[in-house]
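Asker: What follows is a single structure, and I will ask about it in a moment.
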Amino acid sequence: RPPPHRPTRSPDHPFAHSLTRPFTYSLWIGIASFRDPYCGITIYNLLTKAKYPERMHIHVIQQNNPEDQDCVQQYCEMAAADGHALCPYKQQLHVVNKDASEARGPVWARAIQSNLVDDSEFCMQIDAHMDFTVNWDRDLFRFWGDTRNEYAVLTTYVADYGQLDKNINGLWEVPHLCNVVWTKEGHVRNEQAKAARMLEGPKMTTLWAAGLSFSKCHAETKVKNDPHLDYIFDGEEFSRAARLWTHGYDFYTPPRTVIVHNYHRKRLGAWHNDAEEKQKSSDRIFRLLHMENAPEAGPADPPLGEYDLGPKRTVEQYIEFSGFDIIHRKTIRNTCGHVEYVPWEEDVSMKHERLRR
């Protein structure tokens with residue numbers, strides 16, 4: 001049997017009453033899908049294995065060619081094969097359709113997604129090729145509550161399909177993000193996840209992953225995906241991690257695997273690339289992260305504005321916390337073990353709203 005889950009306790013974390021009953025709230029789910037033949041399967045798995053499917057609002061940015069299967073239609077066909085004459089929860093599925101020829105990378109799609117966040121209390125971002133354990137949502141709500149931190153984000157590179165419902169190595173191993181690599185273009189990229197074992201609760205870490213991000217929705221509305229990062233793949237996750245962390249958010253590895261990823265899926269092509277626009281996006285990230293020799297913004301470059309680093313913690317604090325010297329593009333120490341929470345001062349208005357709930 002798995003070891004018991006013990007809540008992580010810290011008097012420094014901003015606390016809300018909703019932490020003790022998070023599963024009573026609605027959940028907004030964002031999925032960016034590029035010509036993905038597993039999109040409808042993901043929705044089917046998500047809804048049929050959820051404890052509270054009636055509380056979910058699913059938004060898909062669907063980038064397809066005319067011949068590609070529609071995500072919702074695929075889900076409804078699977079539901080019909082199960083004997084459902086009416087497609088259950090269809091009214092909770094919302095799709096923004098884009099022609100695949102318009103696609104400009106994952107951040108472009110997720111920026112559209114950011115503008116669709118509703119008044120749900122919790123938000124989750126996932127990929128379009130996932131499977132889930134039974135009652136996965138109840139477990140994620142519980143894991144989030146165990147952090148005792150209003151600004152917690154559950155995130156990791158989730159395990160492969162083949163690890164669903166398995167006790168890996170008899171030690172309840174889960175993927176744990178804690179290292180990066182530096183690409184030849186100068187970006188910081190998350191390295192393959194390490195393994196954390198026998199966790200008794202969520203484990204604080206230093207990095208954020210786009211394939212699973214579960215938090216209060218104020219994380220999505222305060223730290224929106226940047227719409228000016230066309231064609232970016234490498235650099236997406238670390239730049240958003242820096243923005244979230246400097247806005248006061250903290251990252252946690254879930255103590256159990258409840259969502260898995262199809263890493264061996266069939267791919268139907270990729271978005272076209274524009275090298276010049278991609279370089280502009282890269283330069284924008286380099287400026288955001290205060291990287292050495294980052295080119296200055298030109299008159300035609302959009303200002304960082306609301307997509308800048310946050311005011312709660314500094315980039316220097318993030319370097320010290322994470323062990324990654326992003327200014328000089330080097331790793332200064334390993335932070336895969338224990339990391340210490342870095343306190344910050346919460347806005348009075350946000351504190352009043354938090355305590356009211």
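Residues in the structure tokens are named by chain (A, B, ... in the order shown) and by number from 1 within that chain; ligands are numbered from 1 in the order shown.
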Give me, as a list in words, all polymer residues having an atom no more than 8 Å from Trp344 in chain A, counting only C-alpha atoms and skipping those fewer than 5 positions away in the same chain.
Answerer: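 The neighbour list is Gly248, Lys312 and Arg313 of chain A.
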Asker: Would you save the residues from that selection as an mmCIF file, in the first residue's frame, using all heavy atoms?
Answerer:
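Wrote it out as out.cif, contents follow:
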```cif
data_model
loop_
_atom_site.group_PDB
_atom_site.id
_atom_site.type_symbol
_atom_site.label_atom_id
_atom_site.label_comp_id
_atom_site.auth_asym_id
_atom_site.auth_seq_id
_atom_site.Cartn_x
_atom_site.Cartn_y
_atom_site.Cartn_z
ATOM 1 N N GLY A 248 5.012 34.944 -7.071
ATOM 2 C CA GLY A 248 4.684 34.377 -5.771
ATOM 3 C C GLY A 248 4.221 32.939 -5.787
ATOM 4 O O GLY A 248 3.883 32.388 -4.728
ATOM 5 N N LYS A 312 6.913 40.019 -6.754
ATOM 6 C CA LYS A 312 6.953 39.415 -5.424
ATOM 7 C C LYS A 312 8.332 38.869 -5.064
ATOM 8 O O LYS A 312 8.713 38.849 -3.892
ATOM 9 C CB LYS A 312 5.921 38.280 -5.325
ATOM 10 C CG LYS A 312 4.507 38.707 -5.675
ATOM 11 C CD LYS A 312 4.029 39.838 -4.787
ATOM 12 C CE LYS A 312 2.589 40.217 -5.104
ATOM 13 N NZ LYS A 312 2.160 41.399 -4.345
ATOM 14 N N ARG A 313 9.051 38.370 -6.035
ATOM 15 C CA ARG A 313 10.397 37.844 -5.833
ATOM 16 C C ARG A 313 11.257 38.310 -7.012
ATOM 17 O O ARG A 313 10.730 38.585 -8.092
ATOM 18 C CB ARG A 313 10.384 36.317 -5.767
ATOM 19 C CG ARG A 313 9.631 35.716 -4.586
ATOM 20 C CD ARG A 313 9.315 34.268 -4.859
ATOM 21 N NE ARG A 313 8.771 33.555 -3.699
ATOM 22 C CZ ARG A 313 7.976 32.496 -3.792
ATOM 23 N NH1 ARG A 313 7.597 32.042 -4.995
ATOM 24 N NH2 ARG A 313 7.546 31.886 -2.708
#
```
Asker: Excluding Glu296 in chain A and residues on its chain fewer than 5 positions from it, collect all residues at most 10 Å away from it, counting only C-alpha atoms, and give them as a count of residues only.
Answerer: 5
Asker: Could you go through range 211-335 of chain A and tell me which residues DSSP, when run on the backbone, assigns to strand (DSSP E or B), listing them as a list in words?
Answerer: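 Across range 211-335 of chain A, those assigned strand (DSSP E or B) are Leu212, Ser213, Phe214, Ser215, Lys216, Asp250, Phe251, Tyr252, Thr253, Ile259, Val260, His261, Phe324, Asp325, Lys330 and Thr331 of chain A.
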Asker: Any chance you can output those residues with N, CA, C and O atoms as a PDB file, in the first residue's frame?
Answerer:
```pdb
ATOM      1  N   LEU A 212       1.418  19.462 -17.495  1.00  0.00           N
ATOM      2  CA  LEU A 212       0.538  19.355 -16.325  1.00  0.00           C
ATOM      3  C   LEU A 212       0.784  20.558 -15.434  1.00  0.00           C
ATOM      4  O   LEU A 212       1.880  20.730 -14.892  1.00  0.00           O
ATOM      5  N   SER A 213      -0.227  21.381 -15.290  1.00  0.00           N
ATOM      6  CA  SER A 213      -0.167  22.531 -14.392  1.00  0.00           C
ATOM      7  C   SER A 213      -1.534  22.661 -13.742  1.00  0.00           C
ATOM      8  O   SER A 213      -2.526  22.938 -14.415  1.00  0.00           O
ATOM      9  N   PHE A 214      -1.585  22.455 -12.417  1.00  0.00           N
ATOM     10  CA  PHE A 214      -2.839  22.449 -11.671  1.00  0.00           C
ATOM     11  C   PHE A 214      -2.712  23.452 -10.533  1.00  0.00           C
ATOM     12  O   PHE A 214      -1.820  23.340  -9.683  1.00  0.00           O
ATOM     13  N   SER A 215      -3.616  24.438 -10.500  1.00  0.00           N
ATOM     14  CA  SER A 215      -3.483  25.534  -9.533  1.00  0.00           C
ATOM     15  C   SER A 215      -4.817  26.235  -9.364  1.00  0.00           C
ATOM     16  O   SER A 215      -5.801  25.909 -10.037  1.00  0.00           O
ATOM     17  N   LYS A 216      -4.835  27.231  -8.475  1.00  0.00           N
ATOM     18  CA  LYS A 216      -5.952  28.168  -8.473  1.00  0.00           C
ATOM     19  C   LYS A 216      -5.922  28.954  -9.788  1.00  0.00           C
ATOM     20  O   LYS A 216      -4.858  29.211 -10.360  1.00  0.00           O
ATOM     21  N   ASP A 250       4.465  28.761  -6.255  1.00  0.00           N
ATOM     22  CA  ASP A 250       5.425  27.715  -5.909  1.00  0.00           C
ATOM     23  C   ASP A 250       5.047  26.421  -6.611  1.00  0.00           C
ATOM     24  O   ASP A 250       3.864  26.091  -6.750  1.00  0.00           O
ATOM     25  N   PHE A 251       6.064  25.661  -7.020  1.00  0.00           N
ATOM     26  CA  PHE A 251       5.861  24.444  -7.796  1.00  0.00           C
ATOM     27  C   PHE A 251       6.030  23.214  -6.909  1.00  0.00           C
ATOM     28  O   PHE A 251       6.934  23.150  -6.076  1.00  0.00           O
ATOM     29  N   TYR A 252       5.147  22.226  -7.133  1.00  0.00           N
ATOM     30  CA  TYR A 252       5.175  20.997  -6.346  1.00  0.00           C
ATOM     31  C   TYR A 252       5.023  19.780  -7.259  1.00  0.00           C
ATOM     32  O   TYR A 252       4.160  19.762  -8.154  1.00  0.00           O
ATOM     33  N   THR A 253       5.826  18.774  -7.006  1.00  0.00           N
ATOM     34  CA  THR A 253       5.667  17.480  -7.656  1.00  0.00           C
ATOM     35  C   THR A 253       4.547  16.711  -6.965  1.00  0.00           C
ATOM     36  O   THR A 253       4.589  16.534  -5.735  1.00  0.00           O
ATOM     37  N   ILE A 259      -1.980  11.148 -13.728  1.00  0.00           N
ATOM     38  CA  ILE A 259      -2.127  11.484 -15.146  1.00  0.00           C
ATOM     39  C   ILE A 259      -0.893  10.976 -15.871  1.00  0.00           C
ATOM     40  O   ILE A 259       0.233  11.132 -15.380  1.00  0.00           O
ATOM     41  N   VAL A 260      -1.099  10.358 -17.036  1.00  0.00           N
ATOM     42  CA  VAL A 260       0.022   9.867 -17.833  1.00  0.00           C
ATOM     43  C   VAL A 260      -0.057  10.425 -19.246  1.00  0.00           C
ATOM     44  O   VAL A 260      -1.102  10.914 -19.689  1.00  0.00           O
ATOM     45  N   HIS A 261       1.049  10.331 -19.963  1.00  0.00           N
ATOM     46  CA  HIS A 261       1.241  10.987 -21.257  1.00  0.00           C
ATOM     47  C   HIS A 261       1.608   9.935 -22.298  1.00  0.00           C
ATOM     48  O   HIS A 261       2.406   9.037 -22.027  1.00  0.00           O
ATOM     49  N   PHE A 324      20.063  27.732 -10.919  1.00  0.00           N
ATOM     50  CA  PHE A 324      20.334  27.973 -12.336  1.00  0.00           C
ATOM     51  C   PHE A 324      20.642  29.456 -12.538  1.00  0.00           C
ATOM     52  O   PHE A 324      19.765  30.302 -12.359  1.00  0.00           O
ATOM     53  N   ASP A 325      21.860  29.757 -12.901  1.00  0.00           N
ATOM     54  CA  ASP A 325      22.257  31.143 -13.166  1.00  0.00           C
ATOM     55  C   ASP A 325      21.849  31.486 -14.589  1.00  0.00           C
ATOM     56  O   ASP A 325      22.620  31.316 -15.540  1.00  0.00           O
ATOM     57  N   LYS A 330      24.381  29.187 -16.793  1.00  0.00           N
ATOM     58  CA  LYS A 330      25.123  28.067 -16.212  1.00  0.00           C
ATOM     59  C   LYS A 330      24.402  27.571 -14.963  1.00  0.00           C
ATOM     60  O   LYS A 330      23.661  28.321 -14.305  1.00  0.00           O
ATOM     61  N   THR A 331      24.612  26.295 -14.644  1.00  0.00           N
ATOM     62  CA  THR A 331      24.061  25.701 -13.437  1.00  0.00           C
ATOM     63  C   THR A 331      25.072  25.858 -12.316  1.00  0.00           C
ATOM     64  O   THR A 331      26.252  25.540 -12.486  1.00  0.00           O
TER      65      THR A 331
END
```
Asker: Find, counting only C-alpha atoms, the residue in A:Tyr157, A:Tyr263, A:Tyr89, A:Trp172 that gets nearest to Glu237 in chain A.
Answerer: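 Distance minimum relative to Glu237 in chain A lands on A:Tyr157.
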Asker: From a backbone DSSP assignment, name each residue in range 162-317 of chain A labelled helix (DSSP H, G or I), as a VMD selection string.
Answerer: chain A and resid 162 to 163 168 to 170 217 to 222 236 to 246 275 to 288 305 to 307 315 to 317
Asker: Using only C-alpha atoms, which of A:Ile41, A:Leu86, A:Ile232, A:Val223 sits nearest His272 in chain A?
Answerer: A:Ile232
Asker: Using only C-alpha atoms for the distances, tell me which of A:Met204, A:Cys217, A:Ile326, A:Leu177 is nearest to Val342 in chain A.
Answerer: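 Of A:Met204, A:Cys217, A:Ile326, A:Leu177, the one nearest Val342 in chain A, counting only C-alpha atoms, is A:Met204.
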Asker: Using CA of Gly211 in chain A and CA of Asn179 in chain A as the two end points, give the distance in Å to one decimal.
Answerer: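 So the answer is 16.6 Å.
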Asker: Using only C-alpha atoms, what table do you get, as JSON lines, when you list each residue of range 58-82 of chain A with an atom no more than 8 Å from range 98-110 of chain A, its nearest pair of atoms, and their distance in Å rounded to one decimal, rows by chain then rising number?
Answerer:
```
{"residue": "A:Ile61", "atom": "CA", "partner": "A:Ala109", "partner_atom": "CA", "distance": 6.4}
{"residue": "A:Gln62", "atom": "CA", "partner": "A:Lys98", "partner_atom": "CA", "distance": 6.0}
{"residue": "A:Gln63", "atom": "CA", "partner": "A:Ala100", "partner_atom": "CA", "distance": 4.6}
{"residue": "A:Asn64", "atom": "CA", "partner": "A:Ala100", "partner_atom": "CA", "distance": 4.7}
{"residue": "A:Asn65", "atom": "CA", "partner": "A:Ala100", "partner_atom": "CA", "distance": 5.5}
{"residue": "A:Pro66", "atom": "CA", "partner": "A:Asp99", "partner_atom": "CA", "distance": 7.8}
```
Asker: Do you know which residues are at most 12 Å from Val117 in chain A counting only C-alpha atoms, after dropping those on the same chain fewer than 3 positions away, and could you put them as number ranges by chain?
Answerer: A: 26-31, 57-60, 94, 110-114, 120-125, 216-225
Asker: Could you tell me how far CA of Arg148 in chain A lies from CA of Arg240 in chain A, in Å and to one decimal?
Answerer: 22.6 Å
Asker: Nearest to Arg197 in chain A: which of A:Gly298, A:Asn149, A:Gly337, A:Gly235 is it, counting only C-alpha atoms?
Answerer: A:Gly337
Asker: If you measure from CA of Arg138 in chain A to CA of Ser33 in chain A, what distance in Å do you get, rounded to one decimal?
Answerer: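 Result for CA of Arg138 in chain A versus CA of Ser33 in chain A: 24.8 Å, one decimal.
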